[in-house]
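A.B. asks: The structure follows.
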Amino acid sequence: MRSLYSLSAFKAAFALAQLLPRPVMRKIADSLAWWTLRASPELENLTRENLSIATGLRGEKLTALTRENARCFARMLADYFLCAGEHANHANDLLESTEGWEHLAAAQSAGRGTILVTGHLGHWELGGLLLALLGLRMTVITLPEPSDALTRWRGACRKRLGIGTIPVGPGYDFAFVEMLRTLRSNACLAMLVDRPYHGTGVAVRQFGRTTEYSTAAAMLAHHTGAAVIPAFVIRTPDHRYRAITCPPVEMAAGPLRSTIQENTQRIADVFEGRIRAHPEQWFNYVPLFQDP
């Protein structure tokens, strides 16, 4: 979880992933997940709260789901290190199957760019990598990491694969212009939309509660006509992954001011169903929900 997010930890894990067999890395990941939960009771409680809202579980079942969620997150990170940088070819070995790629092909054929929206569910980094290996021009939107050094390291890993990065947040005043330019060149723009930074979200309803989703996808679609396509990479029981590309979210037409909340809600509705199906792979470790 948060304790795993440092440059030294990333570099050490990257080196280990190239030396050790994947099943051994998985066992190490499981041990780290157990240690993190034991060392961070506040984080464990927050994870339990979010998962309880999403699933309705309580008691021992919620405890078991919380532990499995931590294991899945650590295993996801282990697979990220296996495929990072010049070792991207390992990604194809991890892919079990695909679903709905025709939606992406149709969006690309339309020539107005593609907005791939995903969330902290499954292995979102692997999705961008797989698309880049297929030859698609990919650019990802990302918030800065906890340290500048880690931000640069992760950006360099993407760059080796031809994946561009547009950082957002305070100090990145022209990020939206870069996003528009990317879409108008008919490239793919991938973004996490379920955890907006301050001032860039709008209230939506999810699991019967109020939370916030980024307005970026709805705004970009309004200005460019690009398709908004939810996409997820979900771990399967055999420890491989299924890449899922959903049909485009139909955007309501009209002035941006009067449609932005509705269109963002439509995106959140797609996400809710996917999270309910795979709560063990929903890695949101921050306070998300307001009171009912």
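Each chain of the structure tokens is named A, B, ... in the order shown, its residues numbered from 1; ligands are numbered from 1 in display order.
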Excluding stretch 270-273 of chain A and residues on its chain fewer than 6 positions from it, collect all residues at most 9 Å away from it, counting only C-alpha atoms, and give them as a ChimeraX atom specification.

C.D. replies: /A:54,118-119,194,206-207,230,246,249

A.B. asks: Report as a compact mmCIF listing (two decimals) with C-alpha atoms, in the first residue's frame all protein, DNA and RNA residues lying within 10 Å of stretch 75-91 of chain A, evaluated on only C-alpha atoms, omitting residues in the same chain fewer than 4 positions from it.

C.D. replies:
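Written file, part.txt:
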# COMPACT_ATOMS: atom_id res chain seq x y z
CA MET A 1 0.00 0.00 0.00
CA LEU A 4 5.37 0.28 -0.81
CA PHE A 10 10.29 0.15 -6.60
CA LYS A 11 13.90 -0.34 -7.72
CA ALA A 12 14.42 -3.29 -5.39
CA ALA A 13 11.18 -4.93 -6.52
CA PHE A 14 12.07 -4.35 -10.18
CA ALA A 15 15.42 -6.11 -9.70
CA LEU A 16 13.84 -9.03 -7.83
CA ALA A 17 11.12 -9.48 -10.47
CA GLN A 18 13.78 -10.07 -13.13
CA LEU A 19 15.65 -12.61 -10.98
CA LEU A 20 12.96 -14.65 -9.24
CA PRO A 21 10.24 -16.88 -10.72
CA ARG A 22 6.79 -15.32 -10.75
CA PRO A 23 5.34 -17.77 -8.16
CA MET A 25 7.38 -13.08 -6.32
CA ARG A 26 3.74 -13.84 -5.59
CA LYS A 27 4.66 -15.37 -2.22
CA ILE A 28 6.80 -12.36 -1.38
CA ALA A 29 3.89 -10.09 -2.34
CA ASP A 30 1.55 -12.01 -0.05
CA LEU A 32 4.28 -7.86 2.22
CA ALA A 33 0.50 -7.52 2.12
CA ASN A 69 -7.69 -7.22 -1.41
CA ALA A 70 -4.28 -6.48 0.12
CA ARG A 71 -2.84 -9.65 -1.41
CA LEU A 95 -2.80 -11.99 -20.90
CA GLY A 122 -7.39 -4.54 -11.54
CA HIS A 123 -4.09 -3.82 -13.28
CA TRP A 124 -4.55 -0.46 -15.02
CA GLU A 125 -0.86 -0.04 -15.90
CA LEU A 126 -0.85 -3.37 -17.73
CA GLY A 127 -3.72 -2.18 -19.93
CA LEU A 129 1.26 -1.44 -21.85
CA LEU A 130 -0.71 -4.02 -23.84
CA ALA A 132 1.23 0.16 -26.70
CA LEU A 133 2.57 -3.27 -27.68
CA TRP A 153 11.29 6.75 -12.79
CA ARG A 154 7.78 5.62 -13.70
CA GLY A 155 7.60 8.11 -16.57
CA ALA A 156 10.88 6.77 -17.94
CA CYS A 157 9.52 3.22 -17.83
CA ARG A 158 6.52 4.28 -19.90
CA LYS A 159 8.66 6.27 -22.33
CA ARG A 160 10.72 3.18 -23.20
CA LEU A 161 7.50 1.66 -24.54
CA ILE A 234 -8.87 -7.97 -14.32
CA ARG A 235 -6.86 -10.75 -12.72
CA HIS A 239 -3.14 -15.59 -12.01
CA ARG A 240 -3.35 -14.19 -15.53
CA TYR A 241 -5.38 -11.22 -16.79
CA GLN A 281 -9.24 -5.97 -6.95

A.B. asks: Find, counting only C-alpha atoms, the residue in A:Cys72, A:Val202, A:Met138, A:Leu121 that gets nearest to A:Pro237.

C.D. replies: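 Nearest candidate to A:Pro237 out of A:Cys72, A:Val202, A:Met138, A:Leu121: A:Cys72.
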
A.B. asks: From stretch 232-269 of chain A, collect each residue whose DSSP state is strand (DSSP E) and return the set as a list of chain:residue names.

C.D. replies: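 So, restricting stretch 232-269 of chain A to strand (DSSP E), we get A:Phe232, A:Val233, A:Ile234, A:Arg235, A:Tyr241, A:Arg242, A:Ala243, A:Ile244, A:Thr245.
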
A.B. asks: Could you take the residues named above and write them with N, CA and C atoms, as a PDB file, in the first residue's frame?

C.D. replies:
ATOM      1  N   PHE A 232     -10.787  -2.115 -18.465  1.00  0.00           N
ATOM      2  CA  PHE A 232     -10.277  -2.690 -17.228  1.00  0.00           C
ATOM      3  C   PHE A 232      -9.447  -3.931 -17.549  1.00  0.00           C
ATOM      4  N   VAL A 233      -8.434  -4.187 -16.741  1.00  0.00           N
ATOM      5  CA  VAL A 233      -7.637  -5.409 -16.862  1.00  0.00           C
ATOM      6  C   VAL A 233      -7.763  -6.138 -15.525  1.00  0.00           C
ATOM      7  N   ILE A 234      -8.473  -7.268 -15.543  1.00  0.00           N
ATOM      8  CA  ILE A 234      -8.866  -7.968 -14.322  1.00  0.00           C
ATOM      9  C   ILE A 234      -8.087  -9.271 -14.182  1.00  0.00           C
ATOM     10  N   ARG A 235      -7.581  -9.515 -12.998  1.00  0.00           N
ATOM     11  CA  ARG A 235      -6.857 -10.752 -12.719  1.00  0.00           C
ATOM     12  C   ARG A 235      -7.827 -11.926 -12.695  1.00  0.00           C
ATOM     13  N   TYR A 241      -4.538 -12.402 -16.724  1.00  0.00           N
ATOM     14  CA  TYR A 241      -5.384 -11.218 -16.785  1.00  0.00           C
ATOM     15  C   TYR A 241      -6.314 -11.261 -17.995  1.00  0.00           C
ATOM     16  N   ARG A 242      -7.483 -10.666 -17.805  1.00  0.00           N
ATOM     17  CA  ARG A 242      -8.458 -10.509 -18.884  1.00  0.00           C
ATOM     18  C   ARG A 242      -8.621  -9.019 -19.157  1.00  0.00           C
ATOM     19  N   ALA A 243      -8.354  -8.607 -20.388  1.00  0.00           N
ATOM     20  CA  ALA A 243      -8.488  -7.201 -20.779  1.00  0.00           C
ATOM     21  C   ALA A 243      -9.895  -6.965 -21.304  1.00  0.00           C
ATOM     22  N   ILE A 244     -10.612  -6.054 -20.674  1.00  0.00           N
ATOM     23  CA  ILE A 244     -12.019  -5.797 -20.994  1.00  0.00           C
ATOM     24  C   ILE A 244     -12.166  -4.364 -21.497  1.00  0.00           C
ATOM     25  N   THR A 245     -12.652  -4.232 -22.719  1.00  0.00           N
ATOM     26  CA  THR A 245     -12.963  -2.925 -23.287  1.00  0.00           C
ATOM     27  C   THR A 245     -14.473  -2.826 -23.420  1.00  0.00           C
TER      28      THR A 245
END

A.B. asks: Do a neighbour search on A:Thr182 at 10 Å with only C-alpha atoms, toss out local chain neighbours closer than 6 positions, and write the hits as a PyMOL selection string.

C.D. replies: chain A and resi 112-114+137-139+164+166+176+188-189

A.B. asks: Residues as selected, C-alpha atoms, written as a PDB file, in the first residue's frame, can you do that?

C.D. replies:
ATOM      1  CA  ARG A 112     -11.585  11.840 -33.269  1.00  0.00           C
ATOM      2  CA  GLY A 113      -9.357  10.220 -30.668  1.00  0.00           C
ATOM      3  CA  THR A 114     -10.196   7.819 -27.860  1.00  0.00           C
ATOM      4  CA  ARG A 137      -0.237   5.692 -29.724  1.00  0.00           C
ATOM      5  CA  MET A 138      -0.839   5.872 -25.985  1.00  0.00           C
ATOM      6  CA  THR A 139      -0.640   8.796 -23.590  1.00  0.00           C
ATOM      7  CA  GLY A 164       3.577   9.426 -23.330  1.00  0.00           C
ATOM      8  CA  ILE A 166       0.832  14.144 -19.213  1.00  0.00           C
ATOM      9  CA  PHE A 176      -5.655  20.203 -20.641  1.00  0.00           C
ATOM     10  CA  CYS A 188      -5.505   7.206 -27.184  1.00  0.00           C
ATOM     11  CA  LEU A 189      -5.650   9.141 -23.936  1.00  0.00           C
TER      12      LEU A 189
END

A.B. asks: With a distance cut-off of 7 Å and only C-alpha atoms, select the neighbouring residues of A:Leu220, excluding the residue or stretch itself and same-chain residues fewer than 4 positions from it, and output the selection as a ChimeraX atom specification.

C.D. replies: /A:180,216,224

A.B. asks: Could you tell me which of A:Asn284, A:Gln265, A:Ser185, A:Thr165 comes closest to A:Tyr213 if we count only C-alpha atoms?

C.D. replies: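 Selected residue with least distance to A:Tyr213: A:Gln265.
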
A.B. asks: Which neighbours of stretch 255-258 of chain A fall inside 10 Å, counting only C-alpha atoms, when residues of the same chain fewer than 2 positions from it are skipped, and could you give them as a VMD selection string?

C.D. replies: chain A and resid 218 to 219 221 to 223 252 to 253 260 to 263

A.B. asks: Quick one: write out the picked residues with C-alpha atoms as a PDB file, in the first residue's frame?

C.D. replies:
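Produced file selection-v4.pdb, reproduced below:
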ATOM      1  CA  ALA A 218     -16.760  14.490 -20.053  1.00  0.00           C
ATOM      2  CA  MET A 219     -15.063  17.828 -20.770  1.00  0.00           C
ATOM      3  CA  ALA A 221     -15.452  14.460 -25.089  1.00  0.00           C
ATOM      4  CA  HIS A 222     -17.521  17.647 -25.261  1.00  0.00           C
ATOM      5  CA  HIS A 223     -14.677  19.593 -26.919  1.00  0.00           C
ATOM      6  CA  ALA A 252     -25.616  13.468 -23.353  1.00  0.00           C
ATOM      7  CA  ALA A 253     -25.592  16.332 -25.855  1.00  0.00           C
ATOM      8  CA  ILE A 260     -21.048  17.491 -17.276  1.00  0.00           C
ATOM      9  CA  GLN A 261     -22.533  15.994 -14.098  1.00  0.00           C
ATOM     10  CA  GLU A 262     -24.872  13.655 -15.977  1.00  0.00           C
ATOM     11  CA  ASN A 263     -22.121  12.393 -18.265  1.00  0.00           C
TER      12      ASN A 263
END

A.B. asks: One number please: atom CA of A:Ile115 to atom CA of A:Val168, in Å, one decimal.

C.D. replies: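 About the pair atom CA of A:Ile115 and atom CA of A:Val168: they are 15.9 Å apart.
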
A.B. asks: Could you please determine the separation between atom CA of A:Leu37 and atom CA of A:Ile53 in Å, to one decimal place?

C.D. replies: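 We find that atom CA of A:Leu37 and atom CA of A:Ile53 lie 19.4 Å from each other.
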
A.B. asks: If you run DSSP over the backbone, which residues in stretch 115-156 of chain A end up helix (DSSP H, G or I)? Put them as number ranges by chain.

C.D. replies: A: 124-133, 148-156

A.B. asks: Which residue, A:Asn45, A:Leu62, A:Val117, A:Pro248, has the smallest gap to A:Trp101 when you use only C-alpha atoms?

C.D. replies: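 The shortest atom-to-atom distance to A:Trp101 comes from A:Pro248.
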